[in-house]
Each structure stands twice: as C-alpha cells, then as structure tokens.
file protein.cif (mmCIF, C-alpha atoms)
data_start
#
loop_
_atom_site.label_atom_id
_atom_site.label_comp_id
_atom_site.auth_asym_id
_atom_site.auth_seq_id
_atom_site.Cartn_x
_atom_site.Cartn_y
_atom_site.Cartn_z
CA MET F 55 -18.40 10.38 16.18
CA THR F 56 -16.79 13.11 14.13
CA GLY F 57 -13.73 13.67 16.32
CA ALA F 58 -12.58 16.37 18.71
CA SER F 59 -11.93 19.94 17.57
CA ASP F 60 -9.33 22.50 18.51
CA ALA F 61 -9.96 26.18 19.35
CA THR F 62 -10.30 27.04 15.65
CA GLY F 63 -12.93 24.37 15.09
CA ARG F 64 -10.56 22.17 13.08
CA THR F 65 -10.85 18.44 13.71
CA THR F 66 -7.79 17.32 15.64
CA GLY F 67 -5.71 14.40 14.48
CA ALA F 68 -3.90 11.73 16.45
CA LEU F 69 -0.55 13.16 15.29
CA ASP F 70 -1.33 16.87 15.71
CA GLY F 71 1.74 18.82 16.75
CA LEU F 72 4.28 16.48 15.12
CA VAL F 73 6.60 18.01 12.54
CA VAL F 74 7.85 15.70 9.79
CA ALA F 75 10.76 16.71 7.55
CA ASP F 76 10.08 14.71 4.39
CA PHE F 77 13.09 14.17 2.15
CA GLY F 78 11.36 11.21 0.52
CA ARG F 79 10.87 10.94 -3.21
CA VAL F 80 8.76 8.88 -5.61
CA LEU F 81 6.54 6.48 -3.62
CA ALA F 82 7.62 4.57 -0.49
CA GLY F 83 8.68 7.60 1.56
CA PRO F 84 5.95 9.95 0.31
CA TYR F 85 3.26 7.31 0.91
CA ALA F 86 4.40 6.89 4.52
CA THR F 87 4.49 10.63 5.16
CA MET F 88 1.06 11.16 3.57
CA LEU F 89 -0.39 8.64 6.01
CA LEU F 90 1.19 10.60 8.87
CA ALA F 91 -0.11 13.86 7.39
CA ASP F 92 -3.63 12.49 7.10
CA LEU F 93 -3.48 11.72 10.82
CA GLY F 94 -2.58 15.30 11.68
CA ALA F 95 1.19 15.64 11.35
CA GLU F 96 2.66 18.75 9.76
CA VAL F 97 4.67 17.39 6.83
CA ILE F 98 7.21 19.66 5.12
CA LYS F 99 8.27 18.12 1.82
CA ILE F 100 11.73 19.07 0.58
CA GLU F 101 11.97 19.16 -3.22
CA ARG F 102 14.53 20.15 -5.84
CA PRO F 103 14.02 23.68 -7.18
CA GLY F 104 12.50 23.85 -10.63
CA ARG F 105 11.75 20.15 -10.95
CA GLY F 106 10.59 18.74 -7.65
CA ASP F 107 9.82 15.12 -6.93
CA ASP F 108 10.43 12.82 -9.92
CA THR F 109 6.76 11.84 -9.94
CA ARG F 110 5.71 15.38 -10.85
CA GLN F 111 6.83 14.42 -14.38
CA TRP F 112 5.34 10.93 -14.40
CA GLY F 113 2.30 10.87 -16.65
CA PRO F 114 -0.15 10.33 -18.17
CA PRO F 115 -2.65 10.57 -16.55
CA TRP F 116 -2.62 14.33 -15.93
CA VAL F 117 -5.10 16.73 -14.40
CA GLY F 118 -4.27 19.92 -16.23
CA ASP F 119 -0.49 20.10 -15.95
CA GLU F 120 -0.30 18.00 -12.77
CA SER F 121 0.64 14.35 -12.50
CA THR F 122 -1.97 12.18 -10.81
CA TYR F 123 0.89 9.93 -9.66
CA PHE F 124 2.37 12.77 -7.58
CA ALA F 125 -1.06 13.87 -6.39
CA GLY F 126 -1.91 10.41 -5.12
CA VAL F 127 0.71 10.40 -2.35
CA ASN F 128 1.36 14.04 -1.44
CA ARG F 129 -1.76 15.66 0.00
CA ASN F 130 -1.70 17.51 3.33
CA LYS F 131 1.94 18.53 2.78
CA GLU F 132 3.78 21.81 2.40
CA SER F 133 6.40 21.87 -0.36
CA VAL F 134 9.67 23.73 0.19
CA ALA F 135 12.17 23.87 -2.68
CA LEU F 136 15.76 23.55 -1.45
CA ASP F 137 18.97 22.93 -3.36
CA LEU F 138 20.92 20.79 -0.92
CA THR F 139 24.15 21.57 -2.75
CA ASP F 140 23.70 25.27 -1.92
CA ALA F 141 25.08 26.34 1.44
CA ASP F 142 22.19 28.65 2.34
CA ASP F 143 19.51 26.11 1.36
CA LEU F 144 21.37 23.35 3.19
CA ALA F 145 21.39 25.50 6.32
CA VAL F 146 17.60 25.83 6.05
CA ALA F 147 17.33 22.04 5.78
CA ARG F 148 19.53 21.54 8.82
CA ASP F 149 17.45 23.97 10.87
CA LEU F 150 14.29 22.11 9.83
CA VAL F 151 15.75 18.77 10.89
CA ALA F 152 16.86 20.27 14.21
CA ARG F 153 13.27 21.14 15.11
CA ALA F 154 11.50 18.18 13.52
CA ASP F 155 10.04 15.24 15.37
CA VAL F 156 10.50 12.90 12.41
CA VAL F 157 12.78 12.79 9.39
CA VAL F 158 12.04 10.52 6.44
CA GLU F 159 14.58 10.08 3.64
CA ASN F 160 15.17 7.61 0.84
CA PHE F 161 18.40 8.81 -0.77
CA LEU F 162 21.12 6.33 -1.60
CA PRO F 163 22.91 5.27 1.62
CA GLY F 164 25.54 7.82 2.61
CA THR F 165 23.95 10.79 0.84
CA MET F 166 22.44 12.38 3.94
CA ASP F 167 25.70 11.82 5.84
CA ARG F 168 27.66 13.70 3.20
CA LEU F 169 25.22 16.60 3.50
CA GLY F 170 25.62 16.78 7.26
CA LEU F 171 22.03 15.54 7.62
CA GLY F 172 22.77 11.96 8.66
CA TYR F 173 21.31 10.52 11.84
CA ASP F 174 24.53 10.41 13.83
CA THR F 175 25.06 14.12 13.17
CA VAL F 176 21.55 15.47 13.64
CA ARG F 177 20.73 13.54 16.80
CA GLU F 178 23.38 15.57 18.61
CA ARG F 179 21.21 18.66 18.09
CA ASN F 180 17.91 16.81 18.32
CA PRO F 181 18.20 13.72 20.57
CA GLY F 182 14.45 13.05 20.48
CA LEU F 183 14.40 12.77 16.69
CA VAL F 184 12.86 9.73 15.00
CA TYR F 185 14.89 9.30 11.82
CA CYS F 186 13.53 6.92 9.17
CA SER F 187 15.69 5.78 6.26
CA VAL F 188 14.13 3.90 3.36
CA THR F 189 16.52 2.00 1.09
CA GLY F 190 16.31 -0.60 -1.62
CA PHE F 191 18.60 -3.23 -0.12
CA GLY F 192 19.58 -2.00 3.34
CA GLY F 193 21.73 0.82 4.60
CA HIS F 194 25.04 -0.90 3.86
CA ASN F 195 24.29 -1.47 0.17
CA ASP F 196 24.39 1.57 -2.10
CA LEU F 197 22.33 -0.09 -4.82
CA PRO F 198 19.40 1.89 -6.23
CA GLY F 199 16.06 0.24 -5.53
CA TYR F 200 13.10 0.57 -7.85
CA ASP F 201 9.87 -1.32 -7.39
CA LEU F 202 10.13 -3.34 -10.61
CA LEU F 203 13.69 -4.34 -9.75
CA ILE F 204 12.66 -5.51 -6.28
CA GLN F 205 9.68 -7.42 -7.67
CA ALA F 206 12.16 -9.26 -9.87
CA VAL F 207 15.00 -10.00 -7.44
CA GLY F 208 12.65 -10.43 -4.47
CA GLY F 209 10.71 -13.32 -5.99
CA LEU F 210 7.34 -11.64 -6.52
CA MET F 211 7.48 -11.88 -10.32
CA SER F 212 8.31 -15.58 -10.10
CA ILE F 213 4.94 -16.30 -8.48
CA THR F 214 2.92 -13.84 -10.56
CA GLY F 215 1.65 -14.49 -14.06
CA PRO F 216 -0.02 -17.32 -15.96
CA ASP F 217 2.84 -19.84 -15.58
CA PRO F 218 6.50 -20.12 -14.53
CA ALA F 219 7.65 -19.26 -18.05
CA THR F 220 5.97 -15.85 -17.96
CA PRO F 221 7.17 -13.89 -14.91
CA THR F 222 4.88 -10.89 -14.49
CA LYS F 223 5.01 -7.76 -12.38
CA VAL F 224 2.08 -6.67 -10.26
CA GLY F 225 0.13 -3.83 -11.87
CA VAL F 226 1.04 -1.27 -9.20
CA ALA F 227 4.29 -0.50 -7.36
CA VAL F 228 3.15 -2.71 -4.51
CA VAL F 229 6.62 -3.13 -2.96
CA ASP F 230 6.95 0.63 -2.53
CA VAL F 231 3.51 0.79 -0.92
CA ILE F 232 4.27 -2.12 1.43
CA THR F 233 7.58 -0.52 2.38
CA GLY F 234 5.84 2.80 3.04
CA LEU F 235 3.43 1.03 5.37
CA HIS F 236 6.31 -0.62 7.23
CA ALA F 237 8.02 2.76 7.50
CA ALA F 238 4.90 4.33 9.00
CA VAL F 239 4.56 1.51 11.54
CA GLY F 240 8.22 1.81 12.49
CA ILE F 241 7.91 5.57 12.92
CA LEU F 242 4.85 5.24 15.13
CA ALA F 243 6.57 2.59 17.25
CA ALA F 244 9.60 4.86 17.68
CA LEU F 245 7.36 7.79 18.63
CA ARG F 246 5.68 5.62 21.25
CA HIS F 247 9.11 4.78 22.68
CA ARG F 248 9.98 8.47 22.69
CA ASP F 249 6.76 9.27 24.54
CA CYS F 250 7.86 6.85 27.27
CA THR F 251 11.57 7.70 27.44
CA GLY F 252 12.19 10.99 25.63
CA GLU F 253 14.67 9.12 23.45
CA GLY F 254 14.63 9.19 19.66
CA GLN F 255 16.01 6.47 17.44
CA ARG F 256 16.77 5.43 13.90
CA VAL F 257 14.19 3.46 11.90
CA GLU F 258 15.40 1.56 8.85
CA VAL F 259 13.25 -0.22 6.29
CA ASN F 260 14.22 -1.58 2.90
CA LEU F 261 12.25 -2.72 -0.10
CA LEU F 262 13.68 -6.23 -0.33
CA SER F 263 13.08 -7.16 3.31
CA SER F 264 9.62 -5.60 3.22
CA LEU F 265 8.71 -7.69 0.19
CA LEU F 266 10.01 -10.91 1.72
CA SER F 267 7.86 -10.25 4.79
CA ALA F 268 4.83 -9.41 2.67
CA LEU F 269 5.18 -12.62 0.64
CA ALA F 270 3.69 -14.19 3.78
CA ASN F 271 2.57 -17.78 3.08
CA GLN F 272 4.80 -18.01 -0.01
CA SER F 273 8.05 -17.03 1.72
CA SER F 274 7.03 -18.99 4.83
CA GLY F 275 6.56 -22.09 2.70
CA TYR F 276 10.13 -21.82 1.50
CA VAL F 277 11.76 -20.85 4.81
CA ALA F 278 9.90 -23.44 6.88
CA ALA F 279 9.43 -26.30 4.44
CA GLY F 280 11.87 -25.68 1.59
CA VAL F 281 9.07 -25.37 -0.96
CA VAL F 282 9.88 -22.93 -3.77
CA PRO F 283 6.55 -21.63 -5.11
CA ARG F 284 5.93 -21.02 -8.79
CA ALA F 285 3.43 -18.94 -10.75
CA MET F 286 0.00 -20.57 -10.96
CA GLY F 287 -2.00 -17.91 -12.73
CA ASN F 288 -5.08 -17.07 -10.70
CA ARG F 289 -4.93 -20.21 -8.60
CA HIS F 290 -3.90 -20.43 -4.96
CA PRO F 291 -1.18 -22.91 -3.95
CA SER F 292 -2.95 -23.96 -0.76
CA ILE F 293 -6.71 -23.42 -1.26
CA ALA F 294 -9.29 -24.71 -3.73
CA PRO F 295 -11.56 -23.57 -5.26
CA TYR F 296 -9.90 -20.15 -5.06
CA GLU F 297 -9.56 -18.70 -8.55
CA VAL F 298 -11.30 -17.16 -11.56
CA PHE F 299 -14.07 -19.12 -13.28
CA ASP F 300 -15.96 -18.51 -16.51
CA THR F 301 -19.73 -18.22 -16.48
CA ALA F 302 -22.26 -17.87 -19.29
CA ASP F 303 -21.27 -14.25 -19.91
CA ARG F 304 -18.14 -13.15 -17.97
CA PRO F 305 -15.72 -14.35 -15.30
CA ILE F 306 -16.39 -14.55 -11.58
CA VAL F 307 -14.04 -15.17 -8.67
CA LEU F 308 -14.73 -17.87 -6.12
CA ALA F 309 -12.72 -17.63 -2.88
CA VAL F 310 -13.85 -20.68 -0.92
CA GLY F 311 -11.79 -20.82 2.24
CA ASN F 312 -13.39 -23.56 4.32
CA ASP F 313 -15.52 -26.70 4.16
CA ARG F 314 -18.75 -24.94 5.16
CA GLN F 315 -18.39 -22.52 2.29
CA PHE F 316 -17.65 -25.37 -0.10
CA ALA F 317 -20.78 -27.25 0.97
CA SER F 318 -22.85 -24.11 0.36
CA LEU F 319 -21.21 -23.68 -3.05
CA ALA F 320 -22.05 -27.26 -3.95
CA ASP F 321 -25.69 -26.73 -2.92
CA VAL F 322 -26.04 -23.55 -4.99
CA LEU F 323 -24.50 -25.28 -8.02
CA GLY F 324 -27.04 -28.08 -7.66
CA LEU F 325 -24.27 -30.58 -6.87
CA PRO F 326 -24.61 -31.23 -3.12
CA GLU F 327 -22.87 -34.59 -3.48
CA LEU F 328 -19.56 -32.80 -4.02
CA ALA F 329 -19.41 -31.89 -0.33
CA THR F 330 -19.33 -35.55 0.75
CA ASP F 331 -17.17 -36.82 -2.12
CA GLU F 332 -13.89 -37.93 -0.54
CA ARG F 333 -12.00 -36.10 -3.29
CA TYR F 334 -13.49 -32.78 -2.21
CA SER F 335 -14.70 -33.07 1.39
CA THR F 336 -11.65 -31.29 2.84
CA ASN F 337 -9.49 -28.48 1.54
CA ARG F 338 -6.45 -30.77 1.39
CA ALA F 339 -8.40 -33.17 -0.80
CA ARG F 340 -9.73 -30.37 -2.99
CA VAL F 341 -6.22 -29.05 -3.62
CA ALA F 342 -5.02 -32.55 -4.50
CA HIS F 343 -7.90 -33.01 -6.98
CA ARG F 344 -7.99 -29.42 -8.20
CA GLU F 345 -8.14 -30.19 -11.93
CA ASP F 346 -11.24 -32.36 -11.76
CA LEU F 347 -12.94 -30.00 -9.33
CA THR F 348 -12.24 -26.96 -11.50
CA LYS F 349 -13.76 -28.63 -14.55
CA THR F 350 -16.88 -29.67 -12.61
CA ILE F 351 -17.43 -26.16 -11.23
CA THR F 352 -16.75 -24.52 -14.61
CA ASP F 353 -19.28 -26.76 -16.33
CA ALA F 354 -21.90 -25.90 -13.70
CA LEU F 355 -21.27 -22.15 -13.84
CA ALA F 356 -21.77 -22.13 -17.63
CA ALA F 357 -25.49 -22.50 -17.02
CA ASP F 358 -26.02 -18.87 -15.93
CA THR F 359 -24.57 -15.37 -15.82
CA ALA F 360 -22.01 -13.97 -13.39
CA ASP F 361 -24.57 -11.63 -11.84
CA ALA F 362 -27.04 -14.44 -11.29
CA TRP F 363 -24.43 -16.62 -9.65
CA PHE F 364 -23.21 -13.72 -7.56
CA ASP F 365 -26.71 -13.15 -6.17
CA ARG F 366 -27.27 -16.82 -5.34
CA LEU F 367 -23.84 -17.47 -3.90
CA THR F 368 -23.75 -14.31 -1.83
CA ALA F 369 -27.14 -15.17 -0.35
CA GLN F 370 -25.53 -18.38 0.96
CA ARG F 371 -22.41 -16.55 2.19
CA VAL F 372 -20.10 -18.04 -0.39
CA PRO F 373 -17.27 -15.53 -1.04
CA CYS F 374 -17.39 -14.48 -4.67
CA GLY F 375 -17.30 -11.38 -6.81
CA PRO F 376 -16.95 -9.90 -10.28
CA LEU F 377 -13.67 -8.93 -11.93
CA ASN F 378 -13.82 -5.14 -11.77
CA ASP F 379 -11.59 -2.60 -13.39
CA ILE F 380 -10.56 0.34 -11.18
CA ALA F 381 -13.72 2.26 -12.06
CA GLY F 382 -15.82 -0.73 -11.09
CA ALA F 383 -13.84 -1.19 -7.88
CA VAL F 384 -14.45 2.42 -6.82
CA ASP F 385 -18.14 2.10 -7.67
CA HIS F 386 -18.32 -1.15 -5.69
CA ALA F 387 -16.76 0.51 -2.63
CA GLN F 388 -19.19 3.41 -2.95
CA ARG F 389 -22.16 1.05 -3.08
CA LEU F 390 -20.90 -0.60 0.11
CA GLY F 391 -20.78 2.77 1.86
CA LEU F 392 -16.99 2.83 2.23
CA ASN F 393 -16.67 6.42 0.93
CA PRO F 394 -13.51 5.71 -1.07
CA VAL F 395 -13.21 9.17 -2.66
CA VAL F 396 -12.68 12.52 -0.96
CA THR F 397 -12.78 15.99 -2.49
CA ILE F 398 -10.38 18.71 -1.37
CA ASP F 399 -11.06 22.35 -2.15
CA ASP F 400 -8.01 24.36 -3.16
CA PRO F 401 -8.13 28.08 -4.02
CA ARG F 402 -5.02 27.64 -6.21
CA ARG F 403 -6.88 25.35 -8.59
CA ASP F 404 -9.87 25.83 -10.84
CA ALA F 405 -11.67 22.76 -9.52
CA PRO F 406 -11.67 20.67 -6.34
CA VAL F 407 -9.12 17.84 -6.19
CA ARG F 408 -10.48 14.29 -5.99
CA GLN F 409 -8.43 11.80 -3.99
CA VAL F 410 -8.62 8.22 -2.78
CA ALA F 411 -9.52 8.34 0.91
CA ASN F 412 -7.26 7.21 3.71
CA PRO F 413 -8.46 3.66 4.56
CA ILE F 414 -7.96 4.00 8.34
CA THR F 415 -11.08 4.83 10.35
CA LEU F 416 -10.53 6.32 13.82
CA SER F 417 -13.55 7.16 15.95
CA ALA F 418 -11.98 9.99 17.96
CA THR F 419 -9.23 11.34 15.70
CA PRO F 420 -10.19 10.60 12.10
CA ALA F 421 -8.04 11.30 9.10
CA THR F 422 -8.47 14.82 7.74
CA TYR F 423 -7.95 16.32 4.30
CA ARG F 424 -6.66 19.79 4.95
CA SER F 425 -4.85 20.62 1.74
CA ALA F 426 -4.46 19.34 -1.78
CA PRO F 427 -1.09 18.09 -3.04
CA PRO F 428 1.22 21.12 -3.10
CA ARG F 429 2.38 23.04 -6.12
CA LEU F 430 6.16 23.28 -6.36
CA SER F 431 7.26 26.37 -4.44
#

call {"tool": "encode", "arguments": {"input": "protein.cif", "output": "structure tokens"}}
result
Amino acid sequence: MTGASDATGRTTGALDGLVVADFGRVLAGPYATMLLADLGAEVIKIERPGRGDDTRQWGPPWVGDESTYFAGVNRNKESVALDLTDADDLAVARDLVARADVVVENFLPGTMDRLGLGYDTVRERNPGLVYCSVTGFGGHNDLPGYDLLIQAVGGLMSITGPDPATPTKVGVAVVDVITGLHAAVGILAALRHRDCTGEGQRVEVNLLSSLLSALANQSSGYVAAGVVPRAMGNRHPSIAPYEVFDTADRPIVLAVGNDRQFASLADVLGLPELATDERYSTNRARVAHREDLTKTITDALAADTADAWFDRLTAQRVPCGPLNDIAGAVDHAQRLGLNPVVTIDDPRRDAPVRQVANPITLSATPATYRSAPPRLS
C-alpha cells in the first residue's frame, strides 16, 4: 500500500495539518521534529539570522558548503531566521506560537519565559498547545547539557570501552537521539490527549533521565539488585557467548541468546558435546564459565573465515554477523531490502540530496520526503 493522497495527489501523512514551531537546536529537538515532519507535520524551524543552528557549522563532512550533520536531522522543515532579541522578530515568533499545535524548545531553563514564550504565558492564547521542553538535567536546573557530558555523568561511559580503566563514549550522540525519541513519544501522547479533551499540556524530557531509562538492563541491575556494572569490552554482563570473536581472517559477532541457539552453534563448530556439558548447558552456566567457553569457541573459529562461518551459522539460525563500518552497514541494509537511503530533489541545489530514511513503516500513512534540509533564510 502506498498511502492515501490528498486533492493535489500528495501522499498524506499521519500528522498532516499539524503546525510545529521548532525552536530546537543541535540534535535532540531537531531529531524529534524531523520525525514529526516525516509523518506529515508542517515544521517551522526558528534560527538565528546569519548563523542558524550550531550544527550548520559542524563539519567535516560537508556537501559543498553544507554540513551533513545539520542535513541529517532537518529535512522537511521550513527555516525562518528570527532574532529573538529584536522586538519585531519576537512578535513574529509569538504569533507563530499562538497558532501552532506543538512547540519544541531546548534553550536553557527560563530562557523562553524571559522572552514571553514560556508555556504558562503562551497557553493563555493557545490552550490546546502541546509544549515540549528538552533540557539537560530537568527544568529546574539551568545546567547546559551536551551529549558527551551526559554520557559521562549518566554512567554510559563507565560501561563502555575495553575495561573499567578506559571509560569510552559511544561513537554517536546517542543520548541526544534517545532523548529526541522520548520527546516525540511524549508529544504524540499529548496530542492524543488533546484529541480526546481539547486540552494541551506541557511535555518535559531531559537527557539524564532519558539515558537512565535507556540503560535498561544495566540501570535495572543497579536499582533492583544493587549491582554496579562495569565496562566489559564487547562482552555482555548477562549472556554468553555474546561478543566479538576472531576467525581465520577477520572478526565475527556471535549473539547467542538461548540454549537452542547454543546447541546449534556447538553443532556447526563440530563440538556438539558442549551443549550437554554442565558448564555450558544453560545461559547461567555459560556466563559463569565464560573464559573457558570463549577460548574453546575462538579455537574452533580459527579453522575458517568469517564469511564461511556466517553462511554455516546463519543456515542453522544462529545469530551472527560481520563487523561492518557505516558503508558496510548501509550496503547490508540495502541487500536486505530495507531501503535505508532516500533521495530528495531540490531545485536550489545542483544535485539531489541523499538522506538516511525514516525507519518507521506505516501502511496507510507512510513517511514522506517533501523537501531537503532548508538553506538559512
């Protein structure tokens, strides 16, 4: 199904008709609003005159004179340059907020209030408004929040890296992305409430709380059992074998999550006795005897190449895969028919703009790619 169309023939989105005033900058806010834009919302991005969003200057990489960082989270938006310290521009911003369905902002707490754009002020003119604030540490703490900082203070770096002595950040601003996802979910929940009651509300998300939630089993282990996890390299604290292994030519990942998969792995390795060995017959036992098991599997994998093992293991439904770089990951998704790349034509540019596709598939109201990331107005 390709989705319904409006009178102009354009595919309609689930959020068609919604107006989003986007005061977000850098990543968490813009990522959330791009998701809403992909689903049909009209997103009006407010930027500083002459300079715009900070990420317009963040490069390399560049495509011509444009930052790929900015491009990656700002498609399907209209850019409007407003100086919020100028009375006339501020009046334009206030009028936009008065007619918007959603506001997204990630200024330091108190900034929007001082501009007369805070929630308590604007809801008087627009009681149905869904107003989303994204902060680093919550609305009562005026501390700036950057992804690296939150990875450090939020515990993520302590469990990432080869060992506890080498705390390591994740290779992408994952806390910003996670927070953007939480913001989008909160906005959609508030819109659903408004559909039922006509009442808007304030949505607040912060980077630290979003990270603690996303730490999932690791934070749960501490909160529920008092266990403070530590970095284990590529190993998993609760599953084995679930890590990177060397083969005759290059590494391969094994992600064996249950006893059936382990028995199949043992068969493919030519070591079926491992599945009935009391040291390895259950996941609990495998975790307890991880060192011996890892050596046994590594010795067996040395007999052939990663591709050969991948073919044999996959045929027996043992989860495994190569260690791809980003180019390899995109190619892998393409081979699987996931269509990870979209191309957006833009008359303002010499060539079409290539983008990573929205990962959400909707049968009736699919994501659409109506416009490339905007030039600064």

call {"tool": "closest_residue", "arguments": {"input": "protein.cif", "among": "F:Pro394, F:Pro181, F:Pro376, F:Gly71", "to": "Asp303 (chain F)", "atoms": "only C-alpha atoms"}}
result
F:Pro376

call {"tool": "resolve_selection", "arguments": {"input": "protein.cif", "expression": "the PyMOL selection byres ((chain F and resi 96-111) around 9)", "output": "number ranges by chain"}}
result
F: 69-81, 84, 87-88, 90-91, 94-95, 112-114, 120-125, 128, 130-138, 147, 150, 430-431

call {"tool": "residues_around", "arguments": {"input": "protein.cif", "residues": "Thr139 (chain F)", "least_positions_apart": "6", "cutoff": "12 Å", "atoms": "all atoms listed in the file", "output": "number ranges by chain"}}
result
F: 102-103, 145-147, 165-166, 168-170

call {"tool": "closest_residue", "arguments": {"input": "protein.cif", "among": "F:Arg344, F:Thr352, F:Leu308, F:Pro326", "to": "Cys374 (chain F)", "atoms": "only C-alpha atoms"}}
result
F:Leu308

call {"tool": "atom_distance", "arguments": {"input": "protein.cif", "atom1": "CA of Asp143 (chain F)", "atom2": "CA of Glu258 (chain F)"}}
result
26.0 Å

call {"tool": "resolve_selection", "arguments": {"input": "protein.cif", "expression": "the PyMOL selection byres ((chain F and resi 230) around 8)", "output": "PDB file with C-alpha atoms, keeping the file's coordinate frame"}}
result
ATOM      1  CA  LEU F  81       6.540   6.480  -3.620  1.00  0.00           C
ATOM      2  CA  ALA F  82       7.620   4.570  -0.490  1.00  0.00           C
ATOM      3  CA  ASP F 201       9.870  -1.320  -7.390  1.00  0.00           C
ATOM      4  CA  ALA F 227       4.290  -0.500  -7.360  1.00  0.00           C
ATOM      5  CA  VAL F 228       3.150  -2.710  -4.510  1.00  0.00           C
ATOM      6  CA  VAL F 229       6.620  -3.130  -2.960  1.00  0.00           C
ATOM      7  CA  VAL F 231       3.510   0.790  -0.920  1.00  0.00           C
ATOM      8  CA  ILE F 232       4.270  -2.120   1.430  1.00  0.00           C
ATOM      9  CA  THR F 233       7.580  -0.520   2.380  1.00  0.00           C
ATOM     10  CA  GLY F 234       5.840   2.800   3.040  1.00  0.00           C
ATOM     11  CA  LEU F 261      12.250  -2.720  -0.100  1.00  0.00           C
TER      12      LEU F 261
END

call {"tool": "atom_distance", "arguments": {"input": "protein.cif", "atom1": "CA of Asp140 (chain F)", "atom2": "CA of Gly254 (chain F)"}}
result
28.4 Å

call {"tool": "resolve_selection", "arguments": {"input": "protein.cif", "expression": "the PyMOL selection byres ((chain F and resi 337) around 7)", "output": "list in words"}}
result
Ile293, Ala294, Asn312, Asp313, Tyr334, Ser335, Thr336, Arg338, Ala339, Arg340 and Val341 of chain F

call {"tool": "atom_distance", "arguments": {"input": "protein.cif", "atom1": "CA of Ser274 (chain F)", "atom2": "CA of Thr220 (chain F)"}}
result
23.0 Å

call {"tool": "closest_residue", "arguments": {"input": "protein.cif", "among": "F:Leu416, F:Ala244, F:Ala405, F:Val158", "to": "Gly118 (chain F)", "atoms": "all atoms listed in the file"}}
result
F:Ala405

call {"tool": "residues_around", "arguments": {"input": "protein.cif", "residues": "Val259 (chain F)", "least_positions_apart": "3", "cutoff": "9 Å", "atoms": "all atoms listed in the file", "output": "ChimeraX atom specification"}}
result
/F:186-193,233-234,236-237,240,262-264

call {"tool": "residues_around", "arguments": {"input": "protein.cif", "residues": "region 381-385 of chain F", "least_positions_apart": "5", "cutoff": "12 Å", "atoms": "all atoms listed in the file", "output": "CSV table (one decimal) with C-alpha atoms, keeping the file's coordinate frame"}}
result
chain,number,residue,atom,x,y,z
F,375,GLY,CA,-17.3,-11.4,-6.8
F,376,PRO,CA,-17.0,-9.9,-10.3
F,390,LEU,CA,-20.9,-0.6,0.1
F,391,GLY,CA,-20.8,2.8,1.9
F,392,LEU,CA,-17.0,2.8,2.2
F,393,ASN,CA,-16.7,6.4,0.9
F,394,PRO,CA,-13.5,5.7,-1.1
F,395,VAL,CA,-13.2,9.2,-2.7
F,396,VAL,CA,-12.7,12.5,-1.0
F,409,GLN,CA,-8.4,11.8,-4.0
F,410,VAL,CA,-8.6,8.2,-2.8
F,411,ALA,CA,-9.5,8.3,0.9

call {"tool": "closest_residue", "arguments": {"input": "protein.cif", "among": "F:Leu162, F:Leu265, F:Val176, F:Ala86", "to": "Gly209 (chain F)", "atoms": "all atoms listed in the file"}}
result
F:Leu265

call {"tool": "closest_residue", "arguments": {"input": "protein.cif", "among": "F:Arg289, F:Arg424, F:Arg366, F:Arg371", "to": "Ile398 (chain F)", "atoms": "all atoms listed in the file"}}
result
F:Arg424

call {"tool": "closest_residue", "arguments": {"input": "protein.cif", "among": "F:Ala329, F:Ala369, F:Ala387, F:Ile306", "to": "Leu355 (chain F)", "atoms": "all atoms listed in the file"}}
result
F:Ile306

call {"tool": "decode", "arguments": {"input": "protein.cif", "residues": "region 343-358 of chain F", "atoms": "N, CA and C atoms", "output": "compact mmCIF listing (two decimals), in the first residue's frame"}}
result
# COMPACT_ATOMS: atom_id res chain seq x y z
N HIS F 343 31.10 -19.66 33.32
CA HIS F 343 32.31 -20.29 32.76
C HIS F 343 32.71 -19.64 31.44
N ARG F 344 32.49 -18.33 31.37
CA ARG F 344 32.70 -17.58 30.14
C ARG F 344 34.12 -17.71 29.59
N GLU F 345 35.13 -17.65 30.44
CA GLU F 345 36.51 -17.63 29.96
C GLU F 345 36.84 -18.91 29.21
N ASP F 346 36.53 -20.05 29.80
CA ASP F 346 36.81 -21.32 29.13
C ASP F 346 36.01 -21.45 27.85
N LEU F 347 34.75 -21.05 27.89
CA LEU F 347 33.91 -21.17 26.70
C LEU F 347 34.43 -20.29 25.58
N THR F 348 34.84 -19.08 25.91
CA THR F 348 35.34 -18.16 24.88
C THR F 348 36.58 -18.73 24.21
N LYS F 349 37.48 -19.30 24.98
CA LYS F 349 38.69 -19.90 24.39
C LYS F 349 38.34 -21.06 23.47
N THR F 350 37.41 -21.91 23.90
CA THR F 350 37.01 -23.06 23.08
C THR F 350 36.41 -22.62 21.76
N ILE F 351 35.51 -21.63 21.81
CA ILE F 351 34.88 -21.14 20.58
C ILE F 351 35.91 -20.46 19.69
N THR F 352 36.80 -19.66 20.26
CA THR F 352 37.82 -18.96 19.47
C THR F 352 38.72 -19.95 18.75
N ASP F 353 39.13 -20.99 19.45
CA ASP F 353 39.98 -22.01 18.83
C ASP F 353 39.26 -22.67 17.65
N ALA F 354 37.96 -22.93 17.81
CA ALA F 354 37.21 -23.59 16.74
C ALA F 354 37.03 -22.66 15.54
N LEU F 355 36.75 -21.40 15.79
CA LEU F 355 36.51 -20.45 14.70
C LEU F 355 37.78 -20.17 13.89
N ALA F 356 38.94 -20.41 14.46
CA ALA F 356 40.20 -20.16 13.75
C ALA F 356 40.37 -21.07 12.53
N ALA F 357 39.53 -22.09 12.44
CA ALA F 357 39.67 -23.04 11.34
C ALA F 357 39.14 -22.54 10.02
N ASP F 358 38.36 -21.43 9.99
CA ASP F 358 37.79 -20.97 8.73
C ASP F 358 37.56 -19.46 8.78
